[in-house]
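Here is input_31.cif, consisting of mmCIF, C-alpha atoms:
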data_run
loop_
_atom_site.label_atom_id
_atom_site.label_comp_id
_atom_site.auth_asym_id
_atom_site.auth_seq_id
_atom_site.Cartn_x
_atom_site.Cartn_y
_atom_site.Cartn_z
CA MET A 1 282.21 -31.23 -80.04
CA THR A 2 281.89 -34.72 -81.52
CA ALA A 3 278.60 -35.48 -83.24
CA ALA A 4 276.40 -38.16 -81.73
CA TYR A 5 276.36 -41.09 -84.09
CA ALA A 6 275.23 -44.67 -83.68
CA PHE A 7 274.10 -47.46 -85.91
CA ARG A 8 272.75 -50.96 -85.71
CA GLU A 9 272.83 -53.55 -88.46
CA GLY A 10 270.24 -56.13 -89.38
CA ALA A 11 268.94 -58.10 -92.33
CA PHE A 12 267.23 -54.92 -93.53
CA GLY A 13 270.50 -52.96 -93.68
CA GLN A 14 271.50 -50.25 -91.20
CA ALA A 15 269.57 -48.05 -88.79
CA ILE A 16 271.51 -44.88 -87.98
CA VAL A 17 271.18 -42.04 -85.51
CA LEU A 18 272.84 -38.95 -86.97
CA GLU A 19 273.31 -35.62 -85.24
CA ALA A 20 274.30 -33.26 -88.09
CA SER A 21 275.82 -29.86 -87.35
CA SER A 22 276.66 -28.94 -90.96
CA ASP A 23 275.21 -29.30 -94.46
CA LEU A 24 275.76 -32.39 -96.59
CA VAL A 25 276.85 -32.02 -100.21
CA ALA A 26 274.98 -33.74 -103.03
CA HIS A 27 275.67 -37.44 -102.59
CA SER A 28 274.13 -40.85 -103.19
CA HIS A 29 274.15 -44.41 -101.83
CA SER A 30 274.00 -47.83 -103.41
CA GLU A 31 271.10 -48.55 -101.01
CA SER A 32 267.65 -47.02 -100.82
CA GLN A 33 267.32 -44.65 -97.89
CA ILE A 34 264.58 -43.46 -95.51
CA VAL A 35 265.21 -40.44 -93.26
CA PHE A 36 263.12 -39.07 -90.42
CA TRP A 37 263.85 -35.74 -88.71
CA LEU A 38 263.60 -36.13 -84.93
CA GLY A 39 264.43 -32.65 -83.68
CA GLY A 40 266.95 -29.85 -83.44
CA SER A 41 267.55 -27.44 -86.32
CA ARG A 42 265.16 -27.51 -89.23
CA ALA A 43 266.55 -29.00 -92.43
CA ARG A 44 265.75 -29.39 -96.10
CA ALA A 45 266.82 -31.90 -98.74
CA LYS A 46 266.92 -31.55 -102.50
CA VAL A 47 266.28 -34.71 -104.52
CA GLY A 48 266.51 -33.98 -108.22
CA ALA A 49 264.02 -31.17 -108.87
CA ASP A 50 262.13 -31.87 -105.63
CA GLU A 51 262.73 -30.09 -102.34
CA VAL A 52 261.65 -31.77 -99.12
CA GLU A 53 261.56 -29.79 -95.90
CA TYR A 54 261.81 -32.12 -92.94
CA CYS A 55 259.19 -31.81 -90.22
CA GLU A 56 257.21 -33.95 -87.82
CA ASN A 57 254.86 -34.95 -90.65
CA VAL A 58 257.27 -35.36 -93.59
CA GLY A 59 260.25 -37.67 -94.01
CA LEU A 60 262.58 -38.35 -96.94
CA ALA A 61 262.83 -41.36 -99.24
CA THR A 62 265.54 -41.86 -101.87
CA ASN A 63 266.06 -44.76 -104.21
CA ALA A 64 269.42 -46.42 -104.71
CA ASN A 65 271.98 -44.08 -106.35
CA GLN A 66 269.58 -41.11 -106.36
CA SER A 67 271.44 -37.83 -105.74
CA HIS A 68 270.34 -35.76 -102.73
CA ASP A 69 271.75 -33.26 -100.25
CA MET A 70 270.86 -31.75 -96.87
CA SER A 71 270.85 -28.11 -95.78
CA LEU A 72 270.30 -26.83 -92.25
CA LEU A 73 267.77 -24.00 -92.20
CA ASP A 74 268.76 -22.36 -88.92
CA GLN A 75 271.58 -22.25 -86.42
CA HIS A 76 269.73 -23.58 -83.37
CA GLY A 77 272.17 -26.42 -82.87
CA PRO A 78 272.44 -29.71 -84.79
CA ALA A 79 269.62 -31.54 -86.52
CA VAL A 80 268.89 -35.09 -85.40
CA PHE A 81 267.87 -37.74 -87.92
CA LEU A 82 266.93 -41.40 -87.84
CA VAL A 83 268.25 -42.90 -91.07
CA PHE A 84 267.62 -46.31 -92.60
CA MET A 85 269.97 -47.62 -95.29
CA ILE A 86 267.93 -50.41 -96.82
CA SER A 87 269.78 -53.44 -98.17
CA ARG A 88 269.13 -54.10 -101.83
CA SER A 89 269.08 -57.86 -101.22
CA TRP A 90 266.47 -57.37 -98.47
CA LEU A 91 264.30 -55.29 -100.79
CA ASN A 92 264.61 -57.89 -103.54
CA GLU A 93 263.59 -60.64 -101.11
CA ARG A 94 260.59 -58.62 -99.94
CA ARG A 95 259.62 -58.06 -103.57
CA LYS A 96 259.71 -61.80 -104.26
CA VAL A 97 257.75 -62.70 -101.14
CA THR A 98 255.02 -60.07 -101.46
CA GLY A 99 254.88 -59.41 -105.20
CA ARG A 100 255.01 -55.74 -104.26
CA PRO A 101 257.28 -53.10 -105.82
CA PHE A 102 259.75 -51.37 -103.54
CA VAL A 103 260.75 -48.24 -105.43
CA PHE A 104 259.82 -44.78 -104.18
CA PRO A 105 257.89 -42.71 -106.76
CA SER A 106 258.21 -39.62 -104.54
CA PRO A 107 260.86 -38.44 -102.06
CA ARG A 108 258.21 -37.31 -99.55
CA ILE A 109 257.07 -39.71 -96.84
CA PRO A 110 253.83 -38.63 -95.12
CA ILE A 111 254.28 -39.46 -91.45
CA ASP A 112 251.26 -40.44 -89.37
CA ALA A 113 251.14 -41.06 -85.62
CA ALA A 114 252.03 -44.74 -85.96
CA LEU A 115 255.15 -44.03 -88.03
CA ARG A 116 256.23 -41.32 -85.59
CA GLN A 117 255.80 -43.66 -82.62
CA ALA A 118 257.79 -46.37 -84.40
CA CYS A 119 260.66 -43.91 -84.93
CA TRP A 120 260.90 -43.19 -81.21
CA GLN A 121 260.73 -46.88 -80.31
CA ILE A 122 263.56 -47.68 -82.71
CA LEU A 123 265.64 -44.74 -81.46
CA ASP A 124 265.32 -46.07 -77.92
CA LEU A 125 266.42 -49.56 -78.97
CA ILE A 126 269.43 -48.26 -80.91
CA LEU A 127 270.70 -46.06 -78.10
CA TYR A 128 269.81 -47.99 -74.98
CA SER A 129 268.98 -51.65 -75.68
CA ARG A 130 271.95 -53.39 -77.23
CA ASP A 131 270.57 -56.89 -76.62
CA SER A 132 267.30 -56.57 -78.54
CA GLU A 133 268.37 -57.39 -82.10
CA GLU A 134 265.31 -59.50 -82.92
CA LYS A 135 262.92 -56.79 -81.71
CA LEU A 136 264.83 -54.10 -83.60
CA ASP A 137 264.75 -56.11 -86.84
CA GLU A 138 261.01 -56.60 -86.47
CA LEU A 139 260.27 -52.93 -85.78
CA VAL A 140 262.52 -51.64 -88.55
CA GLU A 141 261.03 -54.01 -91.11
CA GLN A 142 257.53 -52.89 -90.15
CA LEU A 143 258.52 -49.22 -90.37
CA ILE A 144 260.21 -49.61 -93.75
CA ILE A 145 257.19 -51.38 -95.25
CA ALA A 146 254.81 -48.80 -93.73
CA SER A 147 256.95 -45.98 -95.18
CA ILE A 148 256.92 -47.55 -98.64
CA ASP A 149 253.16 -48.03 -98.38
CA ALA A 150 252.70 -44.38 -97.37
CA VAL A 151 254.62 -43.13 -100.42
CA THR A 152 253.24 -45.55 -103.00
CA ARG A 153 249.65 -45.93 -101.77
CA GLU A 154 248.19 -43.76 -104.51
CA ARG A 155 250.74 -44.47 -107.22
CA PHE A 156 250.40 -48.17 -108.03
CA GLY A 157 248.68 -47.43 -111.33
CA ASP A 158 251.89 -45.95 -112.74
CA THR A 159 253.96 -49.12 -112.79
CA LYS A 160 256.88 -47.49 -114.61
CA TRP A 161 257.74 -45.64 -111.41
CA LEU A 162 257.66 -48.80 -109.33
CA LEU A 163 260.10 -51.02 -111.20
CA PRO A 164 263.88 -51.01 -110.68
CA PRO A 165 265.75 -49.58 -113.68
CA LEU A 166 267.30 -51.84 -116.31
CA LEU A 167 270.71 -50.25 -116.76
CA ASP A 168 272.23 -49.61 -120.17
CA HIS A 169 275.29 -51.83 -120.74
CA ARG A 170 277.51 -48.76 -121.15
CA LEU A 171 276.36 -47.46 -117.79
CA ARG A 172 277.09 -50.83 -116.20
CA THR A 173 280.58 -50.72 -117.71
CA ALA A 174 281.20 -47.20 -116.36
CA ILE A 175 280.08 -48.29 -112.88
CA ALA A 176 282.35 -51.34 -112.99
CA LEU A 177 285.31 -49.14 -113.98
CA MET A 178 284.64 -46.81 -111.05
CA ARG A 179 284.42 -49.67 -108.57
CA GLU A 180 287.57 -51.35 -109.93
CA ASN A 181 289.55 -48.08 -109.80
CA VAL A 182 288.17 -46.54 -106.62
CA SER A 183 291.62 -45.24 -105.58
CA GLU A 184 292.47 -43.66 -108.93
CA LYS A 185 291.92 -40.06 -109.99
CA PHE A 186 290.28 -40.63 -113.34
CA ALA A 187 288.55 -37.70 -115.01
CA VAL A 188 284.96 -38.21 -116.14
CA ASP A 189 286.19 -37.70 -119.72
CA GLU A 190 288.45 -40.73 -119.36
CA ILE A 191 285.64 -42.92 -118.06
CA ALA A 192 283.46 -41.80 -120.98
CA SER A 193 286.26 -42.59 -123.43
CA ARG A 194 286.78 -46.08 -122.00
CA VAL A 195 283.06 -46.77 -122.20
CA GLY A 196 282.86 -45.47 -125.76
CA VAL A 197 280.52 -42.52 -125.30
CA SER A 198 280.91 -38.76 -125.15
CA ARG A 199 281.15 -36.94 -121.81
CA ALA A 200 277.69 -35.44 -122.38
CA HIS A 201 276.20 -38.85 -123.18
CA LEU A 202 277.71 -40.34 -120.01
CA PHE A 203 276.07 -37.58 -117.96
CA THR A 204 272.77 -38.30 -119.71
CA LEU A 205 272.98 -42.01 -118.90
CA PHE A 206 273.59 -41.33 -115.20
CA ARG A 207 270.88 -38.66 -115.06
CA ASP A 208 268.17 -40.59 -116.87
CA GLN A 209 268.76 -44.03 -115.35
CA LEU A 210 270.13 -43.33 -111.86
CA ASN A 211 269.01 -39.75 -111.14
CA THR A 212 272.56 -38.70 -110.33
CA THR A 213 275.80 -37.53 -111.98
CA PRO A 214 279.04 -39.45 -112.63
CA GLN A 215 280.89 -37.37 -110.01
CA VAL A 216 278.27 -37.93 -107.31
CA PHE A 217 278.14 -41.65 -108.06
CA TRP A 218 281.94 -41.98 -107.95
CA SER A 219 282.08 -40.10 -104.65
CA ALA A 220 279.53 -42.58 -103.28
CA VAL A 221 281.75 -45.47 -104.38
CA ARG A 222 284.71 -43.91 -102.55
CA VAL A 223 282.65 -43.28 -99.40
CA GLU A 224 281.40 -46.87 -99.37
CA GLU A 225 284.95 -48.20 -99.78
CA ALA A 226 286.14 -45.93 -96.97
CA MET A 227 283.36 -47.22 -94.72
CA ARG A 228 284.24 -50.83 -95.55
CA ARG A 229 287.88 -50.25 -94.62
CA LEU A 230 287.06 -48.34 -91.47
CA ILE A 231 284.74 -51.13 -90.30
CA SER A 232 286.55 -54.29 -91.35
CA GLN A 233 290.24 -53.42 -91.25
CA GLY A 234 292.60 -52.11 -88.61
CA GLU A 235 294.15 -49.52 -90.90
CA SER A 236 295.03 -46.06 -89.67
CA LEU A 237 292.99 -43.15 -90.99
CA THR A 238 296.10 -41.92 -92.78
CA SER A 239 296.49 -45.24 -94.57
CA VAL A 240 292.84 -45.28 -95.65
CA ALA A 241 293.09 -41.69 -96.88
CA LEU A 242 296.24 -42.27 -98.95
CA ASP A 243 295.01 -45.59 -100.37
CA LEU A 244 291.86 -43.85 -101.61
CA GLY A 245 293.90 -41.23 -103.45
CA PHE A 246 293.68 -38.31 -101.02
CA SER A 247 296.81 -36.19 -100.68
CA ALA A 248 296.38 -35.73 -96.92
CA PRO A 249 294.25 -37.19 -94.08
CA GLY A 250 292.61 -33.80 -93.55
CA ASN A 251 291.29 -33.78 -97.12
CA PHE A 252 289.87 -37.27 -96.61
CA SER A 253 288.20 -36.28 -93.32
CA ARG A 254 286.53 -33.25 -94.91
CA PHE A 255 285.34 -35.32 -97.86
CA PHE A 256 283.96 -38.04 -95.58
CA LYS A 257 282.14 -35.61 -93.29
CA ASP A 258 280.71 -33.61 -96.22
CA HIS A 259 279.11 -36.83 -97.51
CA THR A 260 278.11 -38.59 -94.28
CA GLY A 261 277.74 -35.87 -91.64
CA VAL A 262 280.39 -37.38 -89.34
CA SER A 263 284.16 -37.69 -89.25
CA PRO A 264 285.91 -40.99 -90.09
CA SER A 265 286.95 -41.41 -86.46
CA THR A 266 283.36 -40.93 -85.24
CA PHE A 267 282.15 -43.47 -87.79
CA ARG A 268 284.82 -45.96 -86.69
CA ARG A 269 283.84 -45.60 -83.03
CA ALA A 270 280.19 -46.27 -83.90
CA ALA A 271 281.21 -49.28 -86.00
CA SER A 272 283.02 -50.71 -82.97
CA GLY A 273 279.74 -50.66 -81.03
CA ALA A 274 280.08 -47.41 -79.12
CA THR A 275 276.93 -45.31 -78.76
CA PRO A 276 276.63 -41.66 -77.70
CA SER A 277 275.78 -41.02 -74.07
CA THR A 278 273.58 -38.08 -75.11
CA VAL A 279 272.05 -36.68 -78.27
CA THR A 280 272.39 -32.95 -77.68
CA GLY A 281 270.14 -31.81 -80.51
CA LEU A 282 267.16 -33.79 -79.26
CA ALA A 283 264.84 -32.93 -76.42
CA VAL A 284 263.37 -36.06 -74.84
#
Encoding of this model in structure tokens:
Amino acid sequence: MTAAYAFREGAFGQAIVLEASSDLVAHSHSESQIVFWLGGSRARAKVGADEVEYCENVGLATNANQSHDMSLLDQHGPAVFLVFMISRSWLNERRKVTGRPFVFPSPRIPIDAALRQACWQILDLILYSRDSEEKLDELVEQLIIASIDAVTRERFGDTKWLLPPLLDHRLRTAIALMRENVSEKFAVDEIASRVGVSRAHLFTLFRDQLNTTPQVFWSAVRVEEAMRRLISQGESLTSVALDLGFSAPGNFSRFFKDHTGVSPSTFRRAASGATPSTVTGLAV
């Protein structure tokens, strides 16, 4: 059975409905992310040393490039999530306008009644109201700001947590190499050598400054490039897979689903504007 998957784009980034029937491997995104569990199987995420168990009162927040996973805790069908991938440029603009920091000091979002109601309103707009872009943008922006407030409300005194990291020049070079060679099969040792550091030092740079590993970051780069090609180009899935260095389309499909929760074909259908007729893991 094909997973229900839909997303809407706005100035804030993307709002996504994801019906996940399998675990997600450790992965990261170039955007900050907010995730709310809406129903279905219980699930848990690990973010660094923190474990967050999704429930009606707790959501997940991850900063850009921060490694995290997702594990289903039972077999009572899929888990349904409402996910927000928050544009870095939008966050930077909000920071300039408000003078407020927009970095999450904790992966746990305490959910009150207002946040929960906003989730359901946004879900309804994504699935059933295709002509309400302005209203969706307004609601999502309000929810994102409320979520950031909920996490940071008691942490403003520790300003170190609330500032975006200033990346070491060697880390910036490593990231540039990964993005420029997204289709190549470089070993981490080779990236370290090109940057001029040891393999262990490269791991330390990624861990200390981005809360992730070189492998997880590089996988994120490949996933983002795959998404870009699936959305903007009319390439076949086989062509995308081979261009990204996969030996077979099946290997690419497994990799993509392990990192996103959906197959490349499901993602492409959603990108074309199709929405699921039902969300089977959600009782409404």
If we count only C-alpha atoms and set the cut-off at 10 Å, which residues sit around segment 138-142 of chain A, ignoring sequence neighbours fewer than 4 positions away in its own chain? Please answer as a list in words.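 In the requested format, the answer is Gly10, Ala11, Phe12, Gly13, Gln14, Ala15, Phe84, Ile86, Trp90, Arg94, Leu115, Ala118, Cys119, Gln121, Ile122, Leu125, Glu133, Glu134, Ala146 and Ser147 of chain A.
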Step by step, work through what the PyMOL selection byres ((chain A and resi 52-65) around 9) selects in the shown file, and finish by giving those residues as a ChimeraX atom specification. /A:27-39,42-47,50-51,66-68,86,88,103-113,116,147-148,151,210-212,216-217,220
Enter the distance from atom CA of Asp124 of chain A to atom CA of Arg95 of chain A, in Å, rounded to one decimal.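 Atom CA of Asp124 of chain A sits 28.9 Å away from atom CA of Arg95 of chain A.
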Would you list the residues near (277.5, -43.6, -124.3) (no more than 12 Å away, in the coordinates of the file, using all atoms listed in the file) as a list in words?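 Within the cut-off we find Asp168, His169, Arg170, Leu171, Arg172, Thr173, Ala174, Asp189, Ile191, Ala192, Ser193, Arg194, Val195, Gly196, Val197, Ser198, Arg199, Ala200, His201, Leu202, Phe203, Thr204, Leu205 and Phe206 of chain A.
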Pick out the residues sitting within 12 Å of Gly234 of chain A, and hand them over as number ranges by chain; count only C-alpha atoms, and ignore anything fewer than 6 positions along from it in its own chain. A: 228, 240, 268, 272
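For the pair atom CA of Asp149 of chain A and atom CA of Thr98 of chain A, the interatomic distance is 12.6 Å.
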Restricting the calculation to all atoms listed in the file, which member of A:Asp69, A:Asp243, A:Glu19, A:Glu225 is positioned closest to Phe7 of chain A?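 Once distances to Phe7 of chain A are computed over all atoms listed in the file, the minimum belongs to A:Glu19.
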Quick one, how far is atom CA of Met70 of chain A from atom CA of Ala271 of chain A?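 Computing it gives 23.1 Å between the two atoms.
Of the residues under consideration (A:Ile145, A:Thr238, A:Tyr128, A:Ala26), A:Ala26 shows the shortest atom-to-atom contact distance to Gln215 of chain A when counting all atoms listed in the file.
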My list of candidates is A:Trp120, A:Ser21, A:Asp208, A:Ile144. Which is closest to Leu91 of chain A when distances are computed with all atoms listed in the file? A:Ile144
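Those residues returned by the PyMOL selection byres ((chain A and resi 231) around 12) for this file are Glu224, Glu225, Ala226, Met227, Arg228, Arg229, Leu230, Ser232, Gln233, Gly234, Glu235, Ser236, Leu237, Val240, Pro264, Ser265, Thr266, Phe267, Arg268, Arg269, Ala270, Ala271, Ser272 and Gly273 of chain A.
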Emit as JSON the padded axis-aligned box for all listed atoms of segment 237-245 of chain A, 3 Å per side, with centre and edge lengths in Å to one decimal.
{"center_x": 294.2, "center_y": -43.4, "center_z": -97.2, "size_x": 10.6, "size_y": 10.4, "size_z": 18.5}
Residue among A:Thr152, A:Gln209, A:Ser132, A:Ser41 lying closest to Leu167 of chain A, counting only C-alpha atoms: A:Gln209
When distances are computed from all atoms listed in the file, which of A:Val97, A:Ala114, A:Leu166, A:Ala20 shows the smallest separation from Gln75 of chain A? A:Ala20
Residue nearest Val223 of chain A - candidates A:Val182, A:Ile175, A:Val25, A:Ala6, atoms counted: all atoms listed in the file: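 Result for the nearest residue to Val223 of chain A: A:Val182.
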Would you kindly translate the PyMOL selection byres ((chain A and resi 252-257) around 9) into the concrete residues it picks from this file, as an MDAnalysis selection string? chainID A and resid 22 24 219 223 226 237:238 240:242 244:251 258:265
